[in-house]
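**Q** So here's model_31.txt (compact mmCIF, C-alpha atoms and all ligand atoms).
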# COMPACT_ATOMS: atom_id res chain seq x y z
CA MET A 1 -117.08 56.04 -183.31
CA SER A 2 -119.15 59.17 -182.84
CA VAL A 3 -119.41 62.75 -184.07
CA LEU A 4 -117.52 65.34 -182.02
CA ALA A 5 -118.45 69.04 -182.22
CA VAL A 6 -115.57 71.29 -181.15
CA MET A 7 -117.01 74.54 -179.80
CA GLU A 8 -115.29 77.94 -179.86
CA GLN A 9 -115.22 80.39 -176.96
CA ARG A 10 -113.15 83.42 -176.16
CA GLY A 11 -112.95 84.82 -172.65
CA GLY A 12 -115.96 82.77 -171.60
CA ALA A 13 -118.19 84.01 -174.46
CA TRP A 14 -119.32 81.61 -177.18
CA ASN A 15 -118.75 82.12 -180.85
CA ARG A 16 -122.39 81.75 -181.95
CA MET A 17 -121.38 79.64 -184.97
CA SER A 18 -120.44 76.89 -182.51
CA PHE A 19 -124.12 76.14 -181.92
CA GLU A 20 -124.67 75.63 -185.63
CA THR A 21 -121.85 73.06 -185.46
CA LEU A 22 -123.47 71.45 -182.44
CA ALA A 23 -126.80 71.18 -184.28
CA ALA A 24 -124.99 69.67 -187.26
CA ALA A 25 -123.34 67.10 -184.97
CA GLN A 26 -126.73 66.04 -183.62
CA GLN A 27 -128.16 65.83 -187.14
CA LEU A 28 -125.19 63.82 -188.47
CA ALA A 29 -125.24 61.48 -185.47
CA GLY A 30 -128.94 60.79 -186.07
CA GLU A 31 -128.41 60.06 -189.75
CA LEU A 32 -125.31 57.92 -189.11
CA ASN A 33 -126.96 56.08 -186.24
CA THR A 34 -124.24 57.09 -183.82
CA THR A 35 -123.85 59.56 -180.96
CA ALA A 36 -122.78 63.18 -180.80
CA SER A 37 -120.49 64.73 -178.20
CA ALA A 38 -119.08 68.21 -177.74
CA ALA A 39 -115.77 69.63 -176.53
CA VAL A 40 -114.84 73.07 -175.24
CA LEU A 41 -111.28 74.23 -174.48
CA GLY A 42 -109.97 76.86 -172.09
CA GLU A 43 -108.47 77.52 -168.71
CA ALA A 44 -111.66 77.13 -166.67
CA VAL A 45 -114.62 76.18 -168.82
CA ASP A 46 -116.99 74.70 -166.21
CA PRO A 47 -119.86 77.15 -166.79
CA LEU A 48 -119.61 76.71 -170.56
CA ALA A 49 -119.48 72.91 -170.29
CA SER A 50 -122.54 72.94 -167.99
CA GLU A 51 -124.39 75.03 -170.55
CA LEU A 52 -123.57 72.49 -173.25
CA ALA A 53 -124.73 69.66 -171.01
CA SER A 54 -128.36 70.72 -171.49
CA ASN A 55 -128.25 69.46 -175.08
CA GLN A 56 -128.93 66.00 -176.44
CA LEU A 57 -125.33 64.73 -176.41
CA GLU A 58 -123.55 61.61 -175.25
CA LYS A 59 -120.89 63.58 -173.41
CA VAL A 60 -119.43 67.05 -172.99
CA TYR A 61 -115.64 67.22 -172.72
CA ALA A 62 -114.25 70.16 -170.74
CA ILE A 63 -110.62 70.44 -171.86
CA GLU A 64 -108.91 72.54 -169.23
CA HIS A 65 -105.35 73.74 -168.78
CA PRO A 66 -103.80 77.07 -167.69
CA LEU A 67 -101.94 77.17 -171.03
CA LEU A 68 -105.31 77.16 -172.84
CA LYS A 69 -106.35 80.47 -171.26
CA ASP A 70 -105.49 82.32 -174.47
CA TYR A 71 -105.75 80.75 -177.88
CA THR A 72 -102.51 79.50 -179.43
CA PRO A 73 -102.41 77.15 -182.42
CA ASP A 74 -99.91 74.86 -180.63
CA GLY A 75 -101.89 74.68 -177.38
CA TYR A 76 -105.22 74.05 -179.07
CA SER A 77 -103.97 71.50 -181.58
CA ILE A 78 -101.95 69.51 -179.02
CA ALA A 79 -104.82 69.43 -176.52
CA LEU A 80 -107.41 68.47 -179.11
CA ARG A 81 -105.19 65.77 -180.60
CA GLN A 82 -104.89 64.19 -177.17
CA LEU A 83 -108.67 64.23 -176.71
CA ILE A 84 -109.21 62.81 -180.20
CA ASP A 85 -106.70 60.01 -179.47
CA GLN A 86 -108.78 59.08 -176.44
CA VAL A 87 -112.32 59.58 -177.75
CA LYS A 88 -111.66 58.34 -181.32
CA PRO A 89 -114.55 60.12 -183.05
CA ALA A 90 -115.37 59.10 -186.62
CA LEU A 91 -115.87 62.75 -187.50
CA ALA A 92 -114.79 65.92 -185.67
CA ILE A 93 -116.56 69.08 -186.84
CA PHE A 94 -115.77 72.72 -186.18
CA PRO A 95 -117.29 76.13 -187.01
CA HIS A 96 -115.39 77.65 -189.96
CA THR A 97 -113.99 80.55 -187.91
CA TYR A 98 -110.66 82.35 -188.39
CA GLN A 99 -109.33 80.50 -185.34
CA VAL A 100 -110.35 77.09 -186.69
CA ARG A 101 -108.77 77.90 -190.05
CA ASP A 102 -105.58 78.54 -188.10
CA PHE A 103 -105.30 75.34 -186.06
CA LEU A 104 -107.45 72.66 -187.74
CA PRO A 105 -104.92 71.99 -190.55
CA MET A 106 -102.24 71.42 -187.85
CA ILE A 107 -104.33 68.70 -186.20
CA ALA A 108 -105.28 67.04 -189.48
CA THR A 109 -101.71 67.11 -190.81
CA ALA A 110 -100.29 65.72 -187.56
CA LEU A 111 -102.73 62.81 -187.80
CA GLY A 112 -102.16 62.27 -191.53
CA ALA A 113 -105.85 63.09 -192.06
CA VAL A 114 -107.78 65.47 -194.31
CA ALA A 115 -109.76 68.48 -193.10
CA VAL A 116 -112.58 69.53 -195.41
CA SER A 117 -113.13 73.26 -194.96
CA ASP A 118 -116.13 75.54 -195.38
CA VAL A 119 -118.78 72.83 -195.75
CA VAL A 120 -122.24 74.13 -196.71
CA SER A 121 -124.31 70.92 -196.42
CA HIS A 122 -124.08 67.16 -196.33
CA ARG A 123 -125.96 63.98 -197.08
CA VAL A 124 -125.48 60.39 -196.00
CA GLU A 125 -125.10 57.78 -198.75
CA ASN A 126 -124.82 54.09 -197.88
CA GLY A 127 -123.86 54.95 -194.33
CA ALA A 128 -121.07 57.34 -195.40
CA VAL A 129 -121.01 61.13 -195.18
CA VAL A 130 -120.85 63.17 -198.37
CA LEU A 131 -119.90 66.78 -197.66
CA VAL A 132 -120.77 69.62 -200.02
CA ARG A 133 -118.47 72.62 -200.41
CA GLN A 134 -118.29 75.43 -202.93
CA LEU A 135 -115.69 76.39 -205.49
CA PHE A 136 -115.16 79.48 -207.64
CA GLN A 137 -116.85 81.89 -205.23
CA GLY A 138 -119.93 79.73 -204.89
CA LYS A 139 -120.47 79.10 -208.60
CA VAL A 140 -119.90 75.32 -208.31
CA ASN A 141 -120.88 72.83 -205.60
CA VAL A 142 -118.65 69.78 -205.16
CA ASP A 143 -119.22 66.54 -203.24
CA VAL A 144 -116.37 65.40 -200.99
CA ARG A 145 -116.14 61.86 -199.62
CA PHE A 146 -113.58 60.79 -197.03
CA SER A 147 -111.29 57.87 -197.67
CA GLY A 148 -108.82 56.29 -195.27
CA PRO A 149 -109.26 55.63 -191.60
CA ALA A 150 -111.06 57.92 -189.13
CA PRO A 151 -110.92 60.44 -187.62
CA HIS A 152 -112.09 62.77 -190.34
CA PHE A 153 -112.35 66.53 -189.96
CA ALA A 154 -114.58 69.25 -191.36
CA SER A 155 -115.35 72.91 -190.71
CA LEU A 156 -118.85 74.26 -191.40
CA GLN A 157 -119.66 77.56 -193.06
CA ALA A 158 -121.58 80.19 -191.06
CA GLY A 159 -125.31 79.79 -191.56
CA ALA A 160 -125.08 76.39 -193.23
CA TYR A 161 -126.74 74.69 -190.23
CA ARG A 162 -129.42 76.05 -187.95
CA ALA A 163 -128.71 76.52 -184.27
CA ASP A 164 -132.44 76.82 -183.59
CA GLN A 165 -132.77 73.14 -184.45
CA LEU A 166 -130.64 72.05 -181.48
CA ARG A 167 -132.28 69.26 -179.51
CA ALA A 168 -132.31 69.70 -175.74
CA GLY A 169 -131.30 66.89 -173.42
CA SER A 170 -128.96 66.09 -170.60
CA ALA A 171 -125.33 65.03 -170.94
CA PRO A 172 -122.58 64.23 -168.43
CA VAL A 173 -119.54 66.54 -168.35
CA GLU A 174 -116.13 64.87 -168.36
CA LYS A 175 -113.01 66.84 -167.52
CA PHE A 176 -110.01 66.26 -169.72
CA ALA A 177 -106.58 67.53 -168.63
CA PRO A 178 -104.20 67.60 -171.61
CA GLN A 179 -100.46 67.13 -171.16
CA LEU A 180 -99.11 70.55 -172.09
CA SER A 181 -95.97 72.41 -171.10
CA ALA A 182 -94.90 75.97 -171.78
CA GLY A 183 -92.18 74.68 -174.12
CA ASP A 184 -94.88 73.25 -176.45
CA ILE A 185 -96.24 76.71 -177.21
CA ARG A 186 -94.14 78.48 -179.81
CA THR A 187 -96.19 81.67 -180.09
CA LYS A 188 -96.99 84.34 -177.54
CA PRO A 189 -100.54 85.73 -177.60
CA LEU A 190 -100.67 89.53 -177.66
CA ASP A 191 -103.65 91.85 -177.37
CA LEU A 192 -106.61 90.92 -179.52
CA PHE A 193 -107.17 92.84 -182.70
CA ARG A 194 -110.26 95.00 -182.29
CA GLU A 195 -112.25 96.31 -185.18
CA SER A 196 -112.88 100.01 -185.18
CA GLN A 197 -116.40 101.04 -184.25
CA ARG A 198 -118.75 100.65 -187.19
CA ALA A 199 -120.27 103.88 -188.40
CA VAL A 200 -123.24 101.99 -189.83
CA ASP A 201 -125.12 99.44 -187.79
CA LEU A 202 -127.17 97.63 -190.41
CA SER A 203 -128.45 95.20 -187.81
CA ALA A 204 -130.55 98.02 -186.31
CA ALA A 205 -132.26 98.96 -189.62
CA ASP A 206 -135.95 98.14 -190.15
CA ILE A 207 -135.65 98.28 -193.94
CA ILE A 208 -132.56 97.54 -196.01
CA VAL A 209 -132.15 98.08 -199.74
CA SER A 210 -129.17 96.03 -200.85
CA VAL A 211 -127.45 96.37 -204.17
CA GLY A 212 -125.45 93.81 -206.14
CA ARG A 213 -123.36 93.50 -209.25
CA GLY A 214 -126.48 93.95 -211.39
CA ILE A 215 -125.97 97.70 -210.86
CA LYS A 216 -123.01 97.42 -213.27
CA GLU A 217 -121.11 100.64 -212.40
CA ALA A 218 -120.33 102.81 -209.38
CA GLU A 219 -122.00 105.74 -211.16
CA ASN A 220 -125.34 103.88 -210.99
CA ILE A 221 -125.38 103.48 -207.18
CA PRO A 222 -127.51 106.68 -206.73
CA ILE A 223 -130.35 104.84 -208.53
CA VAL A 224 -130.71 102.44 -205.58
CA GLN A 225 -129.78 105.12 -203.03
CA ARG A 226 -132.92 106.98 -204.17
CA LEU A 227 -135.00 103.84 -203.51
CA ALA A 228 -133.44 103.51 -200.03
CA ASP A 229 -134.17 107.19 -199.32
CA ALA A 230 -137.78 106.87 -200.50
CA LEU A 231 -138.30 103.91 -198.17
CA GLY A 232 -136.36 105.40 -195.24
CA ALA A 233 -134.02 102.40 -195.56
CA GLU A 234 -130.31 101.80 -195.05
CA LEU A 235 -128.31 101.04 -198.18
CA ALA A 236 -126.34 97.78 -198.12
CA ALA A 237 -124.52 95.69 -200.71
CA SER A 238 -123.18 92.33 -201.76
CA ARG A 239 -119.45 91.74 -201.45
CA PRO A 240 -118.33 92.59 -205.02
CA ILE A 241 -119.77 96.09 -204.61
CA CYS A 242 -117.74 96.68 -201.42
CA ASP A 243 -114.66 94.93 -202.80
CA ALA A 244 -114.75 97.33 -205.72
CA GLY A 245 -114.96 100.26 -203.29
CA TRP A 246 -118.33 101.40 -204.66
CA LEU A 247 -119.71 101.32 -201.11
CA PRO A 248 -117.79 101.05 -197.82
CA MET A 249 -117.05 97.60 -196.38
CA GLU A 250 -119.28 98.29 -193.38
CA ARG A 251 -122.28 98.11 -195.72
CA GLN A 252 -121.52 94.55 -196.85
CA VAL A 253 -124.04 91.87 -195.94
CA GLY A 254 -123.03 88.23 -195.78
CA SER A 255 -120.69 85.71 -194.27
CA SER A 256 -117.76 88.12 -194.35
CA GLY A 257 -119.94 91.19 -193.75
CA GLN A 258 -122.79 92.02 -191.41
CA THR A 259 -125.67 89.71 -190.47
CA VAL A 260 -128.99 91.50 -190.69
CA ALA A 261 -132.62 90.66 -189.98
CA PRO A 262 -134.71 93.71 -190.93
CA LYS A 263 -138.47 93.79 -191.38
CA MET A 264 -137.87 94.10 -195.13
CA TYR A 265 -134.77 93.32 -197.19
CA MET A 266 -134.79 94.36 -200.84
CA ALA A 267 -132.12 92.62 -202.91
CA VAL A 268 -131.55 94.59 -206.11
CA GLY A 269 -129.40 92.90 -208.77
CA ILE A 270 -128.10 90.33 -206.28
CA SER A 271 -127.88 86.69 -207.39
CA GLY A 272 -128.25 85.11 -203.94
CA ALA A 273 -124.95 83.28 -203.38
CA ILE A 274 -124.88 81.29 -200.11
CA GLN A 275 -122.33 83.71 -198.61
CA HIS A 276 -124.81 86.54 -199.15
CA LEU A 277 -127.87 84.56 -198.04
CA VAL A 278 -126.36 83.62 -194.66
CA GLY A 279 -126.21 87.31 -193.80
CA MET A 280 -129.84 88.16 -194.59
CA LYS A 281 -131.99 85.05 -194.61
CA GLY A 282 -133.37 85.95 -191.16
CA SER A 283 -135.15 88.99 -192.70
CA ARG A 284 -138.89 88.97 -192.15
CA VAL A 285 -139.80 89.83 -195.75
CA VAL A 286 -137.40 89.48 -198.69
CA VAL A 287 -138.10 91.30 -201.95
CA ALA A 288 -135.86 90.52 -204.93
CA ILE A 289 -135.44 92.40 -208.19
CA ASN A 290 -133.42 90.45 -210.74
CA LYS A 291 -133.57 90.05 -214.51
CA ASP A 292 -132.78 86.33 -214.24
CA ALA A 293 -135.89 84.36 -213.22
CA ASN A 294 -133.61 81.47 -212.16
CA ALA A 295 -131.45 83.53 -209.79
CA PRO A 296 -131.13 81.69 -206.44
CA ILE A 297 -132.33 84.79 -204.54
CA PHE A 298 -135.87 83.99 -205.73
CA GLU A 299 -135.75 80.71 -203.77
CA ILE A 300 -135.87 82.64 -200.50
CA ALA A 301 -137.74 85.75 -201.71
CA ASP A 302 -141.29 86.40 -200.49
CA TYR A 303 -141.87 88.79 -203.39
CA GLY A 304 -139.96 88.68 -206.65
CA ILE A 305 -139.83 91.07 -209.58
CA VAL A 306 -138.22 89.59 -212.69
CA GLY A 307 -136.93 92.42 -214.83
CA ASP A 308 -134.40 95.15 -215.44
CA LEU A 309 -133.58 97.08 -212.28
CA PHE A 310 -132.79 100.20 -214.34
CA GLN A 311 -136.42 100.28 -215.41
CA ILE A 312 -138.07 98.93 -212.23
CA VAL A 313 -136.26 100.87 -209.49
CA PRO A 314 -137.01 104.41 -210.81
CA GLU A 315 -140.67 103.40 -211.31
CA LEU A 316 -140.81 102.08 -207.74
CA VAL A 317 -139.30 105.30 -206.39
CA GLU A 318 -141.89 107.32 -208.26
CA ALA A 319 -144.74 105.12 -207.01
CA ILE A 320 -143.50 105.36 -203.39
CA GLN A 321 -143.16 109.16 -203.62
CA ASN A 322 -146.65 109.46 -205.16
CA SER A 323 -148.15 107.37 -202.38
CA LYS A 324 -146.82 109.71 -199.65
C1 LIG B 1 -115.08 83.21 -198.43
C2 LIG B 1 -116.11 84.02 -199.18
C3 LIG B 1 -116.83 84.97 -198.46
C4 LIG B 1 -117.80 85.72 -199.11
N1 LIG B 1 -118.51 86.64 -198.40
C5 LIG B 1 -119.51 87.31 -199.00
C6 LIG B 1 -120.31 88.22 -198.27
O1 LIG B 1 -120.13 88.47 -197.08
N2 LIG B 1 -121.32 88.86 -198.93
C7 LIG B 1 -121.59 88.65 -200.25
O2 LIG B 1 -122.52 89.26 -200.78
N3 LIG B 1 -120.82 87.80 -200.96
C8 LIG B 1 -119.80 87.14 -200.38
N4 LIG B 1 -119.02 86.31 -201.12
C9 LIG B 1 -119.18 86.33 -202.60
C10 LIG B 1 -120.34 85.50 -203.07
O3 LIG B 1 -119.92 84.16 -203.30
C11 LIG B 1 -120.88 86.03 -204.41
O4 LIG B 1 -119.81 86.09 -205.35
C12 LIG B 1 -121.49 87.42 -204.29
O5 LIG B 1 -122.45 87.46 -203.26
C13 LIG B 1 -122.17 87.78 -205.61
O6 LIG B 1 -122.60 89.11 -205.56
P1 LIG B 1 -123.78 89.61 -206.50
O7 LIG B 1 -125.01 88.81 -206.25
O8 LIG B 1 -123.87 91.09 -206.34
O9 LIG B 1 -123.18 89.37 -207.97
P2 LIG B 1 -123.55 88.27 -209.06
O10 LIG B 1 -123.51 86.90 -208.51
O11 LIG B 1 -122.72 88.60 -210.24
O12 LIG B 1 -125.09 88.59 -209.41
C14 LIG B 1 -125.52 89.74 -210.06
C15 LIG B 1 -127.01 89.54 -210.30
O13 LIG B 1 -127.53 90.71 -210.90
C16 LIG B 1 -128.49 90.32 -211.87
N5 LIG B 1 -128.58 91.41 -212.84
C17 LIG B 1 -127.65 91.79 -213.78
N6 LIG B 1 -128.10 92.87 -214.45
C18 LIG B 1 -129.33 93.16 -213.97
C19 LIG B 1 -130.30 94.16 -214.27
N7 LIG B 1 -130.08 95.09 -215.22
N8 LIG B 1 -131.45 94.15 -213.56
C20 LIG B 1 -131.70 93.24 -212.61
N9 LIG B 1 -130.81 92.26 -212.28
C21 LIG B 1 -129.65 92.25 -212.95
C22 LIG B 1 -127.95 89.03 -212.46
O14 LIG B 1 -129.01 88.26 -213.02
C23 LIG B 1 -127.33 88.37 -211.23
O15 LIG B 1 -128.24 87.49 -210.60
C24 LIG B 1 -118.05 85.54 -200.50
C25 LIG B 1 -117.33 84.58 -201.20
C26 LIG B 1 -116.38 83.84 -200.55
C27 LIG B 1 -115.62 82.78 -201.32
Please render this file's structure as structure tokens.
**A**
Amino acid sequence: MSVLAVMEQRGGAWNRMSFETLAAAQQLAGELNTTASAAVLGEAVDPLASELASNQLEKVYAIEHPLLKDYTPDGYSIALRQLIDQVKPALAIFPHTYQVRDFLPMIATALGAVAVSDVVSHRVENGAVVLVRQLFQGKVNVDVRFSGPAPHFASLQAGAYRADQLRAGSAPVEKFAPQLSAGDIRTKPLDLFRESQRAVDLSAADIIVSVGRGIKEAENIPIVQRLADALGAELAASRPICDAGWLPMERQVGSSGQTVAPKMYMAVGISGAIQHLVGMKGSRVVVAINKDANAPIFEIADYGIVGDLFQIVPELVEAIQNSK
């Protein structure tokens, strides 16, 4: 009864969120006094499995089959169900990727189990896992406890666990050949959807000024644009600003936008929801301007200004221009 981390790869390249899941599996196994293992699926996943084997894990499962070359929900869910039947993990965890959202419910439903999606943290109470997930766009955190027999399933939100906390070690690789036939696969994979080239690469910016709903109206965006110009910064935004079309989508920072790590990130009128934080918490210095002293952004800010952005930002612009 262990924790199984199911990794995601495409064409031999990892989805980086997988390593957050792997770190979470190690952490959970330690707290539950059990072991962690990992699984990777594909046509020929030897090099990937060997890479995983250098982590502190009980075992690495290399699930290989020619029909797993391209992702299909049928192929992945059938193969994983067969592995889970054999390994019998107490908990199988996955990165909360688009692919996982597609096939994890199939596995859970087929096994009469529940999959808890988009988990942001956990704790262990009396030897049982309590998962935390968010409702109402991050306004409310709820605790989720499993009932019924294992296995239990969960997917983990991007940035909720830290891949840099992975513990190195040495694990044996075990090959697993699922029973799959072409008739099991009801969909035919076509070419992958490719996003058009981004005009703005926020990840290359040294300074980012990011604007949130505190700006109130599209007409007010030039107020923060002037601050960005004065600092030689790129302008970015939280999701509601891009959803409203006040700035283009490519300027959105967060779990469904870009991940950035500039030398300085200025969050102007941004509350600091987890989906925003995961996209910018790697910034070297975070400056927050917010009229609410209790806004979560101040928990990760190095410098905080509590006040009205409509007063503070123009004064800052003036001070920066005077100092040049
Ligand atoms: C699946 C999913 C994916 C998501 N992906 C993303 C994502 O990629 N990026 C993202 O940003 N969000 C994302 N979100 C949304 C996220 O949960 C928050 O709703 C969003 O980040 C909030 O944006 P905000 O901080 O601009 O607005 P709010 O939360 O409304 O905060 C506005 C802030 O402005 C402050 N303020 C108001 N007036 C002033 C003033 N005059 N002066 C100074 N401060 C003022 C307020 O105190 C408040 O803290 C996602 C949500 C979901 C469910």
**Q** Set the cut-off to 9 Å, count all atoms listed in the file, and list whatever residues fall near ligand LIG 1 (chain B) as a PyMOL selection string.
**A** chain A and resi 118+134-139+211-216+237-242+252-259+267-279+289-297+305-312
**Q** Quick one: write out the picked residues with C-alpha atoms as a compact mmCIF listing (two decimals), in the coordinates of the input?
**A**
# COMPACT_ATOMS: atom_id res chain seq x y z
CA ASP A 118 -116.13 75.54 -195.38
CA GLN A 134 -118.29 75.43 -202.93
CA LEU A 135 -115.69 76.39 -205.49
CA PHE A 136 -115.16 79.48 -207.64
CA GLN A 137 -116.85 81.89 -205.23
CA GLY A 138 -119.93 79.73 -204.89
CA LYS A 139 -120.47 79.10 -208.60
CA VAL A 211 -127.45 96.37 -204.17
CA GLY A 212 -125.45 93.81 -206.14
CA ARG A 213 -123.36 93.50 -209.25
CA GLY A 214 -126.48 93.95 -211.39
CA ILE A 215 -125.97 97.70 -210.86
CA LYS A 216 -123.01 97.42 -213.27
CA ALA A 237 -124.52 95.69 -200.71
CA SER A 238 -123.18 92.33 -201.76
CA ARG A 239 -119.45 91.74 -201.45
CA PRO A 240 -118.33 92.59 -205.02
CA ILE A 241 -119.77 96.09 -204.61
CA CYS A 242 -117.74 96.68 -201.42
CA GLN A 252 -121.52 94.55 -196.85
CA VAL A 253 -124.04 91.87 -195.94
CA GLY A 254 -123.03 88.23 -195.78
CA SER A 255 -120.69 85.71 -194.27
CA SER A 256 -117.76 88.12 -194.35
CA GLY A 257 -119.94 91.19 -193.75
CA GLN A 258 -122.79 92.02 -191.41
CA THR A 259 -125.67 89.71 -190.47
CA ALA A 267 -132.12 92.62 -202.91
CA VAL A 268 -131.55 94.59 -206.11
CA GLY A 269 -129.40 92.90 -208.77
CA ILE A 270 -128.10 90.33 -206.28
CA SER A 271 -127.88 86.69 -207.39
CA GLY A 272 -128.25 85.11 -203.94
CA ALA A 273 -124.95 83.28 -203.38
CA ILE A 274 -124.88 81.29 -200.11
CA GLN A 275 -122.33 83.71 -198.61
CA HIS A 276 -124.81 86.54 -199.15
CA LEU A 277 -127.87 84.56 -198.04
CA VAL A 278 -126.36 83.62 -194.66
CA GLY A 279 -126.21 87.31 -193.80
CA ILE A 289 -135.44 92.40 -208.19
CA ASN A 290 -133.42 90.45 -210.74
CA LYS A 291 -133.57 90.05 -214.51
CA ASP A 292 -132.78 86.33 -214.24
CA ALA A 293 -135.89 84.36 -213.22
CA ASN A 294 -133.61 81.47 -212.16
CA ALA A 295 -131.45 83.53 -209.79
CA PRO A 296 -131.13 81.69 -206.44
CA ILE A 297 -132.33 84.79 -204.54
CA ILE A 305 -139.83 91.07 -209.58
CA VAL A 306 -138.22 89.59 -212.69
CA GLY A 307 -136.93 92.42 -214.83
CA ASP A 308 -134.40 95.15 -215.44
CA LEU A 309 -133.58 97.08 -212.28
CA PHE A 310 -132.79 100.20 -214.34
CA GLN A 311 -136.42 100.28 -215.41
CA ILE A 312 -138.07 98.93 -212.23
**Q** Calculate how many Å separate CA of Ala168 (chain A) from CA of Asp46 (chain A), rounding to one decimal.
**A** 18.7 Å
**Q** Identify the residues within 7 Å of coordinate (-136.6, 91.7, -197.3) (same frame as the file), considering all atoms listed in the file, and give the answer as a PDB file with C-alpha atoms, in the coordinates of the input.
**A**
ATOM      1  CA  PRO A 262    -134.710  93.710-190.930  1.00  0.00           C
ATOM      2  CA  LYS A 263    -138.470  93.790-191.380  1.00  0.00           C
ATOM      3  CA  MET A 264    -137.870  94.100-195.130  1.00  0.00           C
ATOM      4  CA  TYR A 265    -134.770  93.320-197.190  1.00  0.00           C
ATOM      5  CA  MET A 266    -134.790  94.360-200.840  1.00  0.00           C
ATOM      6  CA  SER A 283    -135.150  88.990-192.700  1.00  0.00           C
ATOM      7  CA  ARG A 284    -138.890  88.970-192.150  1.00  0.00           C
ATOM      8  CA  VAL A 285    -139.800  89.830-195.750  1.00  0.00           C
ATOM      9  CA  VAL A 286    -137.400  89.480-198.690  1.00  0.00           C
ATOM     10  CA  VAL A 287    -138.100  91.300-201.950  1.00  0.00           C
TER      11      VAL A 287
END
**Q** Which one of A:Ala288, A:Val144, A:Val119, A:Leu156 sits closest to Tyr303 (chain A) if you count all atoms listed in the file?
**A**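 Distance minimum relative to Tyr303 (chain A) lands on A:Ala288.
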**Q** Skip Arg186 (chain A) itself and residues of its chain fewer than 2 positions away, then list as a list in words all residues within 10 Å of it, counting all atoms listed in the file.
**A**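 Returned residues: Thr72, Pro73, Asp74, Gly75, Ala182, Gly183, Asp184, Lys188 and Pro189 of chain A.
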**Q** Keeping C-alpha atoms, export the residues of the selection given above as a PDB file, in the frame of the given file.
**A**
ATOM      1  CA  THR A  72    -102.510  79.500-179.430  1.00  0.00           C
ATOM      2  CA  PRO A  73    -102.410  77.150-182.420  1.00  0.00           C
ATOM      3  CA  ASP A  74     -99.910  74.860-180.630  1.00  0.00           C
ATOM      4  CA  GLY A  75    -101.890  74.680-177.380  1.00  0.00           C
ATOM      5  CA  ALA A 182     -94.900  75.970-171.780  1.00  0.00           C
ATOM      6  CA  GLY A 183     -92.180  74.680-174.120  1.00  0.00           C
ATOM      7  CA  ASP A 184     -94.880  73.250-176.450  1.00  0.00           C
ATOM      8  CA  LYS A 188     -96.990  84.340-177.540  1.00  0.00           C
ATOM      9  CA  PRO A 189    -100.540  85.730-177.600  1.00  0.00           C
TER      10      PRO A 189
END
**Q** For the atom pair CA of Thr187 (chain A) and CA of Ala110 (chain A), what is the interatomic distance in Å to one decimal place?
**A**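 So the two atoms, CA of Thr187 (chain A) and CA of Ala110 (chain A), lie 18.1 Å apart.
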**Q** Distance CA of Gln86 (chain A)-CA of Ser181 (chain A), one decimal place?
**A** 19.2 Å
**Q** Within 9 Å of (-117.2, 68.0, -188.8) (coordinates as in the file), grab all the protein and nucleic acid residues, counting only C-alpha atoms, and write them out as a list of chain:residue names.
**A**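 With a cut-off of 9 Å, the residues come to A:Val3, A:Leu4, A:Ala5, A:Val6, A:Thr21, A:Ala24, A:Ala25, A:Leu91, A:Ala92, A:Ile93, A:Phe94, A:Pro95, A:Ala115, A:Val116, A:Val119, A:His152, A:Phe153, A:Ala154, A:Ser155, A:Leu156.
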**Q** Could you tell me which of A:Val200, A:Ser37, A:Ala128, A:Ala158 comes closest to Lys88 (chain A) if we count only C-alpha atoms?
**A**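 Closest to Lys88 (chain A) of all the choices is A:Ser37.
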**Q** Neighbours of Gly30 (chain A) within 12 Å (only C-alpha atoms; same-chain residues fewer than 5 positions away dropped), as an MDAnalysis selection string?
**A** chainID A and resid 2:3 23:25 35:36 56:57 123:124 127 167
**Q** Could you write out the selected residues, including C-alpha atoms, as a CSV table (one decimal), in the coordinates of the input?
**A**
chain,number,residue,atom,x,y,z
A,2,SER,CA,-119.2,59.2,-182.8
A,3,VAL,CA,-119.4,62.8,-184.1
A,23,ALA,CA,-126.8,71.2,-184.3
A,24,ALA,CA,-125.0,69.7,-187.3
A,25,ALA,CA,-123.3,67.1,-185.0
A,35,THR,CA,-123.8,59.6,-181.0
A,36,ALA,CA,-122.8,63.2,-180.8
A,56,GLN,CA,-128.9,66.0,-176.4
A,57,LEU,CA,-125.3,64.7,-176.4
A,123,ARG,CA,-126.0,64.0,-197.1
A,124,VAL,CA,-125.5,60.4,-196.0
A,127,GLY,CA,-123.9,55.0,-194.3
A,167,ARG,CA,-132.3,69.3,-179.5
**Q** Give the answer as one residue: which of A:Glu43, A:Leu131, A:Ala218, A:Val87 has the shortest atom-to-atom distance to Glu174 (chain A), using all atoms listed in the file?
**A** A:Val87
**Q** Report as a PyMOL selection string all protein, DNA and RNA residues lying within 10 Å of Lys175 (chain A), evaluated on only C-alpha atoms, omitting residues in the same chain fewer than 4 positions from it.
**A** chain A and resi 39+45-46+49+60-64
**Q** For Val142 (chain A), which residue out of A:Ser210, A:Gln165, A:Ser121, A:Ser203 is the nearest one, using all atoms listed in the file?
**A**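 Nearest to Val142 (chain A): A:Ser121.
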**Q** Could you check the closest approach to Asp206 (chain A) for each of A:Ile185, A:His96, A:Leu231, A:Tyr76 and tell me which residue wins, using only C-alpha atoms?
**A** A:Leu231
**Q** Can you pull out every residue within 12 Å of Arg226 (chain A), counting all atoms listed in the file, but drop anything in the same chain fewer than 3 positions away, and send it as number ranges by chain?
**A** A: 209, 211, 220-223, 229-235, 313-318, 320-321
**Q** Neighbours of Val114 (chain A) within 10 Å (only C-alpha atoms; same-chain residues fewer than 3 positions away dropped), as a list in words?
**A** Leu104, Pro105, Ile107, Ala108, Thr109, Leu111, Ser117, Phe146, Ser147, Gly148, Ala150, Pro151, His152, Phe153 and Ala154 of chain A
